[in-house]
Each structure stands twice: as C-alpha cells, then as structure tokens.
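Novice: One file: target.tsv (TSV, C-alpha atoms and all ligand atoms).
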```tsv
chain	number	residue	atom	x	y	z
A	3	MET	CA	49.81	-40.30	-15.95
A	4	THR	CA	48.63	-37.76	-13.35
A	5	ALA	CA	45.19	-36.85	-14.71
A	6	GLY	CA	42.54	-37.06	-12.04
A	7	LEU	CA	44.98	-36.94	-9.15
A	8	ARG	CA	44.55	-34.35	-6.41
A	9	LEU	CA	46.96	-31.51	-7.05
A	10	GLU	CA	46.80	-30.51	-3.36
A	11	VAL	CA	48.47	-33.86	-2.66
A	12	THR	CA	50.78	-34.35	-5.62
A	13	GLY	CA	52.08	-30.78	-5.29
A	14	ALA	CA	52.73	-30.99	-1.53
A	15	ARG	CA	56.40	-30.75	-0.68
A	16	ARG	CA	56.06	-31.17	3.07
A	17	VAL	CA	53.41	-33.53	4.42
A	18	VAL	CA	52.28	-34.34	7.96
A	19	VAL	CA	50.71	-37.80	8.23
A	20	LYS	CA	48.77	-38.70	11.37
A	21	VAL	CA	47.79	-42.26	12.23
A	22	GLY	CA	45.36	-43.06	15.04
A	23	SER	CA	45.51	-45.76	17.71
A	24	SER	CA	42.57	-47.64	16.24
A	25	SER	CA	44.41	-48.12	12.91
A	26	LEU	CA	47.62	-49.38	14.48
A	27	THR	CA	46.24	-51.95	16.85
A	28	THR	CA	45.08	-55.55	16.56
A	29	THR	CA	41.69	-56.53	17.92
A	30	ALA	CA	43.55	-57.91	20.95
A	31	GLY	CA	44.79	-54.38	21.64
A	32	GLY	CA	48.54	-54.49	20.86
A	33	ILE	CA	50.37	-52.69	18.06
A	34	ASP	CA	50.06	-54.61	14.80
A	35	PRO	CA	53.61	-54.95	13.38
A	36	ALA	CA	52.30	-55.67	9.88
A	37	THR	CA	50.34	-52.39	9.88
A	38	VAL	CA	53.38	-50.41	10.99
A	39	SER	CA	55.44	-52.12	8.29
A	40	ARG	CA	52.91	-51.27	5.54
A	41	LEU	CA	52.60	-47.67	6.74
A	42	VAL	CA	56.37	-47.24	6.72
A	43	ASP	CA	56.50	-48.55	3.12
A	44	VAL	CA	53.96	-45.89	2.16
A	45	LEU	CA	55.86	-43.10	3.92
A	46	ALA	CA	59.09	-44.20	2.26
A	47	ALA	CA	57.35	-44.17	-1.13
A	48	ALA	CA	56.12	-40.60	-0.51
A	49	ARG	CA	59.68	-39.56	0.35
A	50	GLY	CA	60.83	-41.32	-2.82
A	51	ARG	CA	58.49	-39.01	-4.78
A	52	GLY	CA	60.28	-36.03	-3.23
A	53	ALA	CA	58.06	-35.15	-0.24
A	54	GLU	CA	59.37	-34.43	3.25
A	55	VAL	CA	57.30	-36.42	5.73
A	56	VAL	CA	56.53	-35.91	9.41
A	57	LEU	CA	54.58	-38.70	11.12
A	58	VAL	CA	52.29	-38.03	14.09
A	59	SER	CA	51.63	-41.47	15.54
A	60	SER	CA	49.26	-42.36	18.35
A	61	GLY	CA	49.48	-45.79	19.90
A	62	ALA	CA	51.79	-45.39	22.90
A	63	ILE	CA	49.03	-46.21	25.37
A	64	ALA	CA	47.76	-49.08	23.22
A	65	ALA	CA	51.31	-50.50	22.86
A	66	GLY	CA	51.81	-50.37	26.63
A	67	LEU	CA	48.67	-52.30	27.55
A	68	SER	CA	49.81	-55.86	27.00
A	69	PRO	CA	53.25	-55.57	28.70
A	70	LEU	CA	51.37	-54.25	31.75
A	71	GLY	CA	48.77	-57.03	31.61
A	72	LEU	CA	45.97	-54.56	30.82
A	73	ARG	CA	43.12	-55.59	28.51
A	74	LYS	CA	41.81	-52.13	27.60
A	75	ARG	CA	42.76	-48.47	27.70
A	76	PRO	CA	42.69	-47.45	31.39
A	77	ARG	CA	40.50	-44.53	32.46
A	78	GLY	CA	42.74	-42.93	35.06
A	79	LEU	CA	45.39	-40.43	33.96
A	80	ALA	CA	48.22	-42.04	35.96
A	81	ALA	CA	47.52	-45.48	34.45
A	82	GLN	CA	47.40	-43.97	30.93
A	83	GLN	CA	50.71	-42.24	31.61
A	84	ALA	CA	52.27	-45.49	32.80
A	85	ALA	CA	50.98	-47.33	29.71
A	86	ALA	CA	52.29	-44.56	27.44
A	87	SER	CA	55.66	-44.66	29.19
A	88	VAL	CA	55.96	-48.39	28.51
A	89	GLY	CA	54.44	-48.24	25.03
A	90	GLN	CA	56.11	-45.18	23.48
A	91	GLY	CA	59.55	-46.79	23.40
A	92	LEU	CA	58.15	-50.00	21.91
A	93	LEU	CA	56.24	-48.02	19.29
A	94	VAL	CA	59.21	-45.93	18.17
A	95	HIS	CA	61.42	-49.00	18.19
A	96	ARG	CA	59.01	-50.66	15.73
A	97	TYR	CA	59.08	-47.61	13.43
A	98	THR	CA	62.86	-47.29	13.69
A	99	GLU	CA	63.39	-50.90	12.66
A	100	GLU	CA	60.97	-50.65	9.76
A	101	LEU	CA	62.38	-47.34	8.49
A	102	ALA	CA	65.88	-48.77	8.60
A	103	ARG	CA	64.79	-51.21	5.83
A	104	HIS	CA	64.47	-48.10	3.66
A	105	ASP	CA	67.68	-46.52	4.98
A	106	VAL	CA	65.64	-43.81	6.68
A	107	VAL	CA	66.52	-42.59	10.16
A	108	ALA	CA	63.68	-42.01	12.64
A	109	GLY	CA	63.69	-39.21	15.22
A	110	GLN	CA	61.31	-39.09	18.18
A	111	VAL	CA	59.64	-35.78	19.06
A	112	LEU	CA	57.38	-35.68	22.15
A	113	LEU	CA	55.41	-32.46	22.51
A	114	THR	CA	53.39	-30.84	25.26
A	115	LEU	CA	50.93	-27.99	24.87
A	116	ASP	CA	53.55	-25.50	26.06
A	117	ASP	CA	55.73	-26.36	23.10
A	118	VAL	CA	53.22	-24.89	20.69
A	119	THR	CA	51.89	-22.05	22.83
A	120	ARG	CA	54.85	-20.44	24.56
A	121	ARG	CA	56.96	-18.30	22.31
A	122	SER	CA	60.38	-19.58	23.36
A	123	HIS	CA	59.30	-23.25	23.26
A	124	TYR	CA	57.57	-22.77	19.92
A	125	ARG	CA	60.68	-21.36	18.29
A	126	ASN	CA	62.68	-24.18	19.78
A	127	ALA	CA	60.29	-26.84	18.45
A	128	PHE	CA	60.29	-25.21	15.01
A	129	SER	CA	64.07	-25.27	14.76
A	130	THR	CA	64.22	-28.88	15.95
A	131	PHE	CA	61.86	-29.96	13.14
A	132	ALA	CA	63.68	-27.83	10.58
A	133	LYS	CA	67.00	-29.43	11.51
A	134	LEU	CA	65.61	-32.98	11.52
A	135	LEU	CA	64.09	-32.51	8.06
A	136	GLU	CA	67.26	-30.89	6.75
A	137	LEU	CA	69.16	-33.98	7.94
A	138	GLY	CA	66.73	-36.25	6.11
A	139	VAL	CA	65.32	-37.69	9.35
A	140	LEU	CA	61.67	-38.77	9.53
A	141	PRO	CA	60.33	-37.20	12.75
A	142	ILE	CA	57.81	-39.33	14.67
A	143	VAL	CA	55.69	-37.14	16.90
A	144	ASN	CA	53.43	-37.95	19.82
A	145	GLU	CA	52.11	-36.10	22.81
A	146	ASN	CA	54.42	-36.35	25.81
A	147	ASP	CA	51.74	-38.34	27.61
A	148	THR	CA	53.85	-39.35	30.59
A	149	VAL	CA	54.22	-35.78	31.89
A	150	ALA	CA	51.06	-34.08	30.60
A	151	THR	CA	48.36	-33.43	33.21
A	152	ASN	CA	44.67	-33.42	32.34
A	153	GLU	CA	44.59	-29.61	32.27
A	154	ILE	CA	47.38	-29.29	29.75
A	155	ARG	CA	46.76	-32.34	27.57
A	156	PHE	CA	45.94	-32.22	23.91
A	157	GLY	CA	44.26	-35.57	24.70
A	158	ASP	CA	43.85	-36.51	21.06
A	159	ASN	CA	46.47	-36.50	18.37
A	160	ASP	CA	44.25	-35.05	15.65
A	161	ARG	CA	44.54	-31.48	16.92
A	162	LEU	CA	48.19	-32.07	17.79
A	163	ALA	CA	48.73	-33.08	14.14
A	164	SER	CA	47.02	-29.92	12.85
A	165	LEU	CA	49.27	-27.78	15.05
A	166	VAL	CA	52.36	-29.72	14.00
A	167	ALA	CA	51.32	-29.15	10.37
A	168	HIS	CA	51.44	-25.40	11.06
A	169	LEU	CA	54.58	-25.60	13.08
A	170	VAL	CA	56.52	-27.28	10.26
A	171	HIS	CA	54.83	-25.17	7.53
A	172	ALA	CA	53.35	-28.28	5.90
A	173	ASP	CA	51.55	-28.13	2.56
A	174	LEU	CA	49.24	-31.01	3.43
A	175	LEU	CA	47.87	-32.90	6.43
A	176	VAL	CA	46.79	-36.53	5.97
A	177	LEU	CA	44.69	-38.04	8.77
A	178	LEU	CA	44.66	-41.85	8.65
A	179	SER	CA	41.99	-43.60	10.64
A	180	ASP	CA	40.00	-46.84	10.79
A	181	VAL	CA	37.26	-45.20	8.73
A	182	ASP	CA	37.70	-44.38	5.04
A	183	GLY	CA	36.56	-40.76	5.27
A	184	LEU	CA	33.90	-38.52	6.68
A	185	TYR	CA	30.38	-39.93	6.47
A	186	THR	CA	27.08	-38.10	6.59
A	187	ALA	CA	26.42	-39.95	9.86
A	188	ASP	CA	28.17	-42.56	12.00
A	189	PRO	CA	29.26	-45.12	9.34
A	190	ARG	CA	27.72	-47.86	11.47
A	191	ASP	CA	24.33	-46.29	10.67
A	192	PRO	CA	22.84	-47.82	7.53
A	193	GLY	CA	22.18	-45.09	4.99
A	194	SER	CA	25.21	-42.95	5.85
A	195	THR	CA	27.33	-42.05	2.80
A	196	LEU	CA	30.89	-40.87	2.23
A	197	VAL	CA	31.47	-37.11	1.85
A	198	PRO	CA	34.22	-36.92	-0.82
A	199	GLU	CA	35.01	-33.19	-0.57
A	200	VAL	CA	34.43	-30.38	1.91
A	201	ARG	CA	34.84	-26.84	0.62
A	202	SER	CA	33.44	-25.00	3.61
A	203	PHE	CA	32.49	-26.06	7.10
A	204	ALA	CA	29.04	-24.66	6.43
A	205	ASP	CA	28.63	-27.71	4.11
A	206	LEU	CA	28.80	-29.94	7.18
A	207	ALA	CA	25.58	-28.71	8.77
A	208	HIS	CA	23.91	-31.99	7.75
A	209	VAL	CA	26.73	-34.27	8.96
A	210	ARG	CA	26.13	-36.20	12.18
A	211	VAL	CA	29.12	-37.31	14.20
A	212	GLY	CA	29.01	-40.39	16.41
A	213	SER	CA	31.31	-41.81	19.08
A	214	PRO	CA	34.89	-43.07	18.53
A	215	GLY	CA	35.55	-46.37	16.76
A	216	ALA	CA	34.28	-49.70	17.99
A	217	ALA	CA	37.67	-50.91	19.26
A	218	GLY	CA	37.55	-48.24	21.98
A	219	LEU	CA	41.23	-47.40	21.52
A	220	GLY	CA	40.90	-44.10	19.71
A	221	SER	CA	40.23	-41.09	21.87
A	222	GLY	CA	38.58	-38.36	19.91
A	223	GLY	CA	36.41	-39.97	17.25
A	224	MET	CA	35.33	-37.99	14.22
A	225	GLN	CA	34.74	-34.80	16.23
A	226	THR	CA	38.44	-34.17	16.87
A	227	LYS	CA	39.25	-34.94	13.23
A	228	LEU	CA	36.79	-32.27	12.14
A	229	GLU	CA	38.31	-29.81	14.62
A	230	ALA	CA	41.77	-30.64	13.30
A	231	ALA	CA	40.56	-30.17	9.73
A	232	ARG	CA	38.97	-26.85	10.64
A	233	ILE	CA	42.16	-25.56	12.29
A	234	ALA	CA	44.40	-26.71	9.40
A	235	THR	CA	42.21	-25.65	6.49
A	236	GLY	CA	41.40	-22.34	8.17
A	237	ALA	CA	45.10	-21.57	8.03
A	238	GLY	CA	45.68	-22.66	4.46
A	239	ILE	CA	46.57	-26.35	4.79
A	240	PRO	CA	44.36	-28.86	2.91
A	241	VAL	CA	43.51	-32.08	4.74
A	242	VAL	CA	42.85	-35.60	3.45
A	243	LEU	CA	41.02	-37.99	5.77
A	244	ALA	CA	41.31	-41.63	4.68
A	245	ALA	CA	41.61	-45.15	6.04
A	246	ALA	CA	45.07	-46.38	6.99
A	247	GLU	CA	44.66	-49.18	4.41
A	248	GLN	CA	44.26	-46.49	1.75
A	249	ALA	CA	47.36	-44.58	2.83
A	250	ASP	CA	49.24	-45.41	-0.36
A	251	ALA	CA	46.47	-44.16	-2.62
A	252	ALA	CA	45.78	-41.11	-0.42
A	253	LEU	CA	49.43	-40.02	-0.44
A	254	ALA	CA	49.71	-40.61	-4.17
A	255	GLY	CA	46.85	-38.14	-4.71
A	256	GLU	CA	44.14	-40.62	-5.66
A	257	ARG	CA	40.59	-39.54	-4.94
A	258	VAL	CA	40.02	-41.65	-1.84
A	259	GLY	CA	38.62	-40.54	1.50
A	260	THR	CA	37.56	-36.96	2.13
A	261	LEU	CA	39.47	-33.89	0.93
A	262	PHE	CA	38.97	-30.75	3.02
A	263	HIS	CA	39.99	-27.79	0.87
A	264	ALA	CA	42.01	-24.96	2.41
A	265	THR	CA	39.68	-22.13	3.38
A	266	GLY	CA	41.95	-19.50	4.92
A	267	LYS	CA	45.46	-18.12	4.94
A	268	ARG	CA	48.40	-19.24	7.02
A	269	ARG	CA	48.75	-17.66	10.47
A	270	SER	CA	50.97	-18.38	13.41
A	271	THR	CA	50.38	-21.80	14.94
A	272	ARG	CA	50.55	-20.53	18.47
A	273	LEU	CA	48.01	-17.85	17.76
A	274	LEU	CA	45.76	-20.38	16.11
A	275	TRP	CA	45.94	-22.48	19.22
A	276	LEU	CA	45.33	-19.46	21.41
A	277	ALA	CA	42.23	-18.51	19.43
A	278	HIS	CA	40.72	-21.98	18.99
A	279	ALA	CA	41.76	-24.25	21.75
A	280	THR	CA	42.64	-22.47	24.97
A	281	GLU	CA	40.43	-21.78	27.97
A	282	PRO	CA	41.11	-18.27	29.29
A	283	LYS	CA	42.10	-18.27	32.97
A	284	GLY	CA	41.05	-14.65	33.57
A	285	THR	CA	40.33	-11.26	32.04
A	286	LEU	CA	42.24	-8.01	31.85
A	287	LEU	CA	40.11	-4.87	31.52
A	288	LEU	CA	41.51	-2.24	29.16
A	289	ASP	CA	40.91	1.50	28.86
A	290	PRO	CA	39.78	2.78	25.41
A	291	GLY	CA	43.32	3.80	24.41
A	292	ALA	CA	44.67	0.33	25.14
A	293	VAL	CA	41.84	-1.26	23.14
A	294	ARG	CA	42.79	0.93	20.16
A	295	ALA	CA	46.49	0.16	20.58
A	296	VAL	CA	45.90	-3.59	20.70
A	297	VAL	CA	43.20	-3.82	18.03
A	298	GLU	CA	44.20	-1.13	15.53
A	299	ARG	CA	47.96	-0.84	15.96
A	300	ARG	CA	48.52	-4.48	16.98
A	301	ALA	CA	50.67	-3.17	19.84
A	302	SER	CA	51.66	-5.01	23.04
A	303	LEU	CA	49.47	-4.42	26.08
A	304	LEU	CA	51.27	-2.20	28.61
A	305	ALA	CA	50.33	-1.83	32.27
A	306	ALA	CA	49.37	1.81	31.65
A	307	GLY	CA	46.26	0.73	29.72
A	308	VAL	CA	45.00	-1.92	32.16
A	309	THR	CA	42.21	-0.83	34.51
A	310	GLY	CA	41.23	-4.07	36.20
A	311	VAL	CA	41.84	-7.78	36.56
A	312	ILE	CA	39.47	-10.73	36.99
A	313	GLY	CA	40.40	-14.34	37.75
A	314	ALA	CA	43.32	-16.27	39.24
A	315	PHE	CA	46.01	-16.88	36.64
A	316	THR	CA	49.75	-17.29	36.65
A	317	ALA	CA	52.29	-15.84	34.24
A	318	GLY	CA	52.10	-17.67	30.91
A	319	ASP	CA	48.36	-18.44	31.15
A	320	PRO	CA	45.90	-17.42	28.41
A	321	VAL	CA	43.66	-14.49	29.40
A	322	ASN	CA	40.98	-12.49	27.62
A	323	LEU	CA	41.44	-8.78	26.99
A	324	ALA	CA	38.18	-6.84	27.33
A	325	GLY	CA	37.28	-3.21	26.66
A	326	PRO	CA	35.52	-0.86	29.12
A	327	ASP	CA	32.13	-2.33	28.03
A	328	GLY	CA	33.31	-5.86	28.92
A	329	ALA	CA	33.40	-7.02	25.27
A	330	VAL	CA	36.33	-9.39	24.68
A	331	VAL	CA	38.58	-8.03	21.92
A	332	ALA	CA	41.62	-10.32	22.10
A	333	ARG	CA	43.25	-13.21	23.87
A	334	GLY	CA	46.87	-13.40	24.94
A	335	LEU	CA	49.44	-15.07	27.14
A	336	VAL	CA	49.91	-12.88	30.21
A	337	ASN	CA	53.39	-12.13	31.58
A	338	PHE	CA	52.37	-11.62	35.23
A	339	ASP	CA	50.51	-13.56	37.93
A	340	ALA	CA	47.01	-12.20	38.70
A	341	GLY	CA	48.21	-11.16	42.18
A	342	GLU	CA	50.92	-8.95	40.71
A	343	VAL	CA	48.65	-7.03	38.35
A	344	PRO	CA	46.83	-4.64	40.77
A	345	GLN	CA	50.05	-2.82	41.68
A	346	LEU	CA	50.79	-2.30	37.97
A	347	LEU	CA	47.42	-0.84	36.95
A	348	GLY	CA	47.63	2.36	34.97
A	349	ARG	CA	51.37	2.83	35.60
A	350	SER	CA	53.99	3.57	32.98
A	351	SER	CA	56.75	1.06	32.26
A	352	HIS	CA	59.26	3.71	33.28
A	353	ASP	CA	57.67	4.15	36.76
A	354	LEU	CA	57.40	0.43	37.23
A	355	LYS	CA	61.05	-0.10	36.41
A	356	ARG	CA	62.09	2.66	38.82
A	357	GLU	CA	59.92	1.53	41.72
A	358	LEU	CA	59.72	-2.25	41.35
A	359	GLY	CA	62.82	-3.11	39.35
A	360	ALA	CA	63.69	-3.92	35.73
A	361	ALA	CA	61.67	-7.18	35.79
A	362	TYR	CA	58.46	-5.09	35.94
A	363	GLU	CA	59.25	-3.13	32.80
A	364	ARG	CA	57.93	-5.97	30.60
A	365	GLU	CA	54.67	-5.81	28.64
A	366	VAL	CA	51.61	-7.27	30.38
A	367	VAL	CA	50.92	-9.17	27.12
A	368	HIS	CA	53.49	-9.12	24.32
A	369	ARG	CA	52.06	-8.51	20.85
A	370	ASP	CA	53.58	-11.78	19.61
A	371	ASP	CA	51.43	-13.57	22.18
A	372	LEU	CA	48.16	-11.83	21.24
A	373	VAL	CA	45.38	-12.83	18.89
A	374	LEU	CA	42.40	-10.63	18.05
A	375	LEU	CA	39.02	-12.33	18.46
B	1	LIG	N1	30.22	-38.98	10.60
B	1	LIG	C1	31.22	-39.88	10.80
B	1	LIG	N2	32.04	-40.19	9.77
B	1	LIG	C2	33.07	-41.07	9.94
B	1	LIG	N3	33.34	-41.70	11.11
B	1	LIG	C3	32.57	-41.44	12.18
B	1	LIG	C4	31.47	-40.53	12.08
B	1	LIG	N4	30.89	-40.47	13.29
B	1	LIG	C5	31.58	-41.30	14.11
B	1	LIG	N5	32.59	-41.91	13.48
B	1	LIG	C6	33.51	-42.88	14.10
B	1	LIG	O1	34.78	-42.28	14.35
B	1	LIG	C7	35.77	-43.31	14.32
B	1	LIG	C8	37.17	-42.72	14.13
B	1	LIG	O2	37.61	-42.17	15.35
B	1	LIG	P1	38.73	-42.84	16.29
B	1	LIG	O3	38.34	-44.24	16.59
B	1	LIG	O4	39.00	-41.92	17.43
B	1	LIG	O5	39.95	-42.88	15.28
B	1	LIG	P2	41.51	-42.70	15.44
B	1	LIG	O6	42.01	-43.70	16.43
B	1	LIG	O7	41.95	-42.98	14.03
B	1	LIG	O8	41.81	-41.30	15.86
B	1	LIG	C9	35.32	-44.19	13.18
B	1	LIG	O9	35.74	-45.51	13.33
B	1	LIG	C10	33.80	-44.09	13.21
B	1	LIG	O10	33.19	-45.22	13.79
B	2	LIG	N1	49.10	-39.92	22.76
B	2	LIG	C1	48.18	-41.06	22.81
B	2	LIG	C2	47.24	-40.92	21.65
B	2	LIG	C3	45.93	-40.29	21.97
B	2	LIG	C4	44.91	-40.97	21.07
B	2	LIG	O1	44.37	-41.99	21.42
B	2	LIG	O2	44.79	-40.44	19.84
B	2	LIG	P1	43.94	-41.08	18.61
B	2	LIG	O3	44.08	-42.54	18.58
B	2	LIG	O4	44.62	-40.49	17.47
B	2	LIG	O5	42.52	-40.60	18.79
B	2	LIG	C5	48.92	-42.38	22.58
B	2	LIG	O6	49.95	-42.39	21.92
B	2	LIG	O7	48.43	-43.40	23.06
```
Would you mind writing the file out in structure tokens?

Specialist:
Amino acid sequence: MTAGLRLEVTGARRVVVKVGSSSLTTTAGGIDPATVSRLVDVLAAARGRGAEVVLVSSGAIAAGLSPLGLRKRPRGLAAQQAAASVGQGLLVHRYTEELARHDVVAGQVLLTLDDVTRRSHYRNAFSTFAKLLELGVLPIVNENDTVATNEIRFGDNDRLASLVAHLVHADLLVLLSDVDGLYTADPRDPGSTLVPEVRSFADLAHVRVGSPGAAGLGSGGMQTKLEAARIATGAGIPVVLAAAEQADAALAGERVGTLFHATGKRRSTRLLWLAHATEPKGTLLLDPGAVRAVVERRASLLAAGVTGVIGAFTAGDPVNLAGPDGAVVARGLVNFDAGEVPQLLGRSSHDLKRELGAAYEREVVHRDDLVLL
C-alpha cells in the first residue's frame, strides 16, 4: 500500500541522510548509543528497500567532550578540533558496531572545503564515494574538523550535506534534527505551526528563524538547514526535514516533517559552492572581448583579456570577474597569485610561455572553475 506516500522519497535510489549533533546527544552531552542504534536500524531498512545510503553525521565534537572532561562545546577553534579528534573515532566506532549487526560495512569520509571546490580534489572525492557505494559500503561523512581552520570551515554539517548530495548525485536529501520540521517561527514560540511543504523559497517570506536548539550542541540552527535546502533544491534535489525520531517514517515516504520540492536543475556541486558559499578574495578586471568570451562562449579566461587586478589572493582562491564597468559577471578559482598577475596582463599565452616558461601558459581561470553570476 503506497498511496499517500511521497514519491520523491519512495522513488529515490540514492539518499543522503544528515543527522545533527543535537539529535545524537544525551542531555549530559555525550553520544546516545540508543539513538545511534535506532538510526542505524532505519538506514539498514532503507537499504533493504533498495536505496543506496550516505550518512552525514555530526557529533564528533559532542562525543569528545566527556573523555576530555568538558561540560559543553568549547568556543575556541583549537579546543573544538581537539574534541573532534577524540570524538570522531568514538562516533564512527559506534556506527561501525551497529552497522555490523546488519552485516553492513561502514566507511569514514572526512571532507574539507577544498574537496568540493578544487577540481582535482572534487573528482577524487566523487570517485571515492562511487567506489564505496559500488562495494556496498555505507559512507559516514563529517567535516575534517581537526585540520580545518576558521577561514576554510563549513562549520555546520547542513551545507556540507547538501554539497555531498550533489557530489554523489543523490535523488534525495533527508535532514534529521531535534525539531520535527520547519515552523513558521521558533517552535519554542507559542503559536508557531509546522510548514508541511515548501514549493518555492518565496513562500518562506513569513517564516521566522530563531537560534539553534536548546541543548546548545548544534551549530547552525534552522538558518543553515534552510540554506542547505535552498542549495539542494535549487539544483534538483528534494529535501525532507524531520525529527530524528521520525527517521523511519521520513525515509519510508510518510508525510512527516517538511518537504522542500526541487526547484531547479542539477549543476556542478563545485560551481554551486562557488556561486553560493564562497567569499571572493579579489577581482580580475576584463576587457569587453574577455567578458563576451566568458559569458557568451563559456570560455576560459586567458591573460590576454585581463586588464587589472584588485585584492591579495593566492592561486586556487575564488575571485570575481568584472567587466570594464566594474559589474561582476562571474566567479572563478584563479590559477595565479595576485602578485603574479600584473606581468601577465594583456599578453598572449604564446608570449607568456616563451618569456616566462611553460607554467605560465595556463588559463588565468579555467572554464571548469567558473560560474556565471
Ligand atoms: N522556524 C524554525 N523552525 C524550526 N526550528 C527552528 C526555527 N527557528 C529556530 N529553530 C531551532 O533550530 C533548532 C535546530 O537546529 P540545531 O540545534 O542546530 O540542529 P542540528 O543539531 O540538528 O543541526 C531547533 O531545535 C529549533 O529550536
Ligand atoms: N563537524 C562537527 C559538526 C558541526 C555541527 O555541530 O553540525 P550540526 O550539529 O549538524 O549543526 C562535529 O562533528 O562535531
């Protein structure tokens, strides 16, 4: 009997499930083994129905608190990194043991921002996931908190989950939290009501978003879930937001929580990230011909079309590309340091190769690393 179930869910072949720190922890702050056990049963049931599942699990910092004698999530980055270093192993150990009851093998994947923004890393991450899924492994993803600096952190796992959903070409993203969906206002406010479906983000004009959950263990609150939903749905992936206790019903397609319908078409994950979530470190000024090449022909940006440079960036950083009038037309990952660019301005690749060596023949921004704004 499937009448009334959500087809977006029942028809999904590959599903990314994200669970937040606040859903995995006891009130005392540690990881709740019973919650992990129940969640694993639900994931195994979804696999039993034929879905491939990738889990994005927060909770490393929370799991590391008690072994380090900490009572709450520390504020400083180094202390958070230390807690994550202690907690991540414990967390994955818990999942591994529980999955083994279902004869499922767990694989740990720790990602940094570079892994989804730099072309070579991105391809590498994609093939790792593809191989794990082909082998029947259930990948358990988290941010690589112990090495990420503040500047390059995702910080919350909601957006990480939306990018992982793109990376693995998922058909559905399920965000599990301590709240059973999106409410018209902070659910602690009397009078707020559940929003069962979101068809367009314009519908959310009346929704008020409050601070993260009461336990103080989550990081992003509802705001980052909405951003994650916007990124995923904008690229064709529907999102269900539900409480962790409703995971079974949510993954079976029952009408619990909030369903965000897909609004756009799939595009490259890295480009999505570049467009939505990066801070440009500088600007390259383009002549009119280069603007046409980049915008109309979707070509790479060559040194010959660059007339000026603003900002202090290093190779690999995101930069804006602006036309002669200063209007930003695109964003891309630049292949040179800011200090190297002045000597390249307006010169052909051929000249650059002859005078400066083969390393200078490369595009200033490769078209695969460019997104039009
Ligand atoms: N409009 C809203 N709808 C639902 N929850 C909201 C809203 N505004 C604020 N919140 C709060 O966001 C919390 C979820 O965020 P968070 O604690 O960071 O979760 P997680 O750890 O699952 O990522 C909820 O517990 C709720 O108190
Ligand atoms: N990577 C961090 C998770 C960051 C975080 O708190 O995310 P979330 O609980 O999903 O808002 C950890 O494992 O502790």

Novice: Just the number, please: distance in Å from atom CA of Ala204 of chain A to atom CA of Ala324 of chain A, one decimal.

Specialist: 28.9 Å

Novice: Compare A:Leu67, A:Ala329, A:Leu354, A:Ala62 by their minimum atom-to-atom distance to Ala30 of chain A, counting all atoms listed in the file, and give me the closest one.

Specialist: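 Using all atoms listed in the file, the shortest distance to Ala30 of chain A belongs to A:Leu67.
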
Novice: With all atoms listed in the file counted, collect every polymer residue having an atom within 10 Å of ligand LIG 1 (chain B); state the result as a ChimeraX atom specification.

Specialist: /A:20-27,59-61,158-160,177-191,194-197,206,208-228,243-246,260

Novice: Looking at A:Pro198, A:Ser302, A:Gly193, A:Ala64, which one is nearest to Arg257 of chain A, with distances taken over all atoms listed in the file?

Specialist: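 Residue with the minimum atom-to-atom distance to Arg257 of chain A: A:Pro198.
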
Novice: Mind giving me the straight-line distance from atom CA of Ala340 of chain A to atom CA of Val367 of chain A in Å, one decimal?

Specialist: 12.6 Å

Novice: For Glu54 of chain A, which of A:Leu253, A:Ala207, A:Ala81, A:Ala36 is the closest residue, counting only C-alpha atoms?

Specialist: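 The answer is A:Leu253, which sits nearest to Glu54 of chain A.
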
Novice: Applying 9 Å and only C-alpha atoms, which residues near segment 92-106 of chain A remain after dropping the ones on its own chain fewer than 6 positions away? List them as a PyMOL selection string.

Specialist: chain A and resi 33+35+38-39+42-43+46+59+61-62+65-66+138-140+142

Novice: A:Gly348, A:Val118, A:Gly259, A:Glu247: which is nearest Gly291 of chain A, counting only C-alpha atoms?

Specialist: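 Among the listed residues, the smallest separation from Gly291 of chain A belongs to A:Gly348.
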
Novice: Please put the answer as lines of an AutoDock Vina configuration file: centre and edge lengths, in Å with one decimal, of a box along x, y and z that encloses all listed atoms of ligand LIG 2 (chain B) plus 6 Å on each side.

Specialist:
```
center_x = 46.2
center_y = -41.7
center_z = 20.3
size_x = 19.4
size_y = 15.5
size_z = 17.6
```

Novice: Report the distance between atom CA of Gly236 of chain A and atom CA of Thr12 of chain A in Å, rounded to one decimal place.

Specialist: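 Those two atoms sit 20.6 Å apart.
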
Novice: Of the residues A:Gly32, A:Gly313, A:Gly325, A:Pro282, which is the one nearest to ligand LIG 2 (chain B), using all atoms listed in the file?

Specialist: A:Gly32

Novice: Which of these, A:Leu134, A:Leu374, A:Leu261, A:Leu346, has the shortest distance to Val293 of chain A once you count only C-alpha atoms?

Specialist: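 Looking only at the distances to Val293 of chain A, the closest residue turns out to be A:Leu374.
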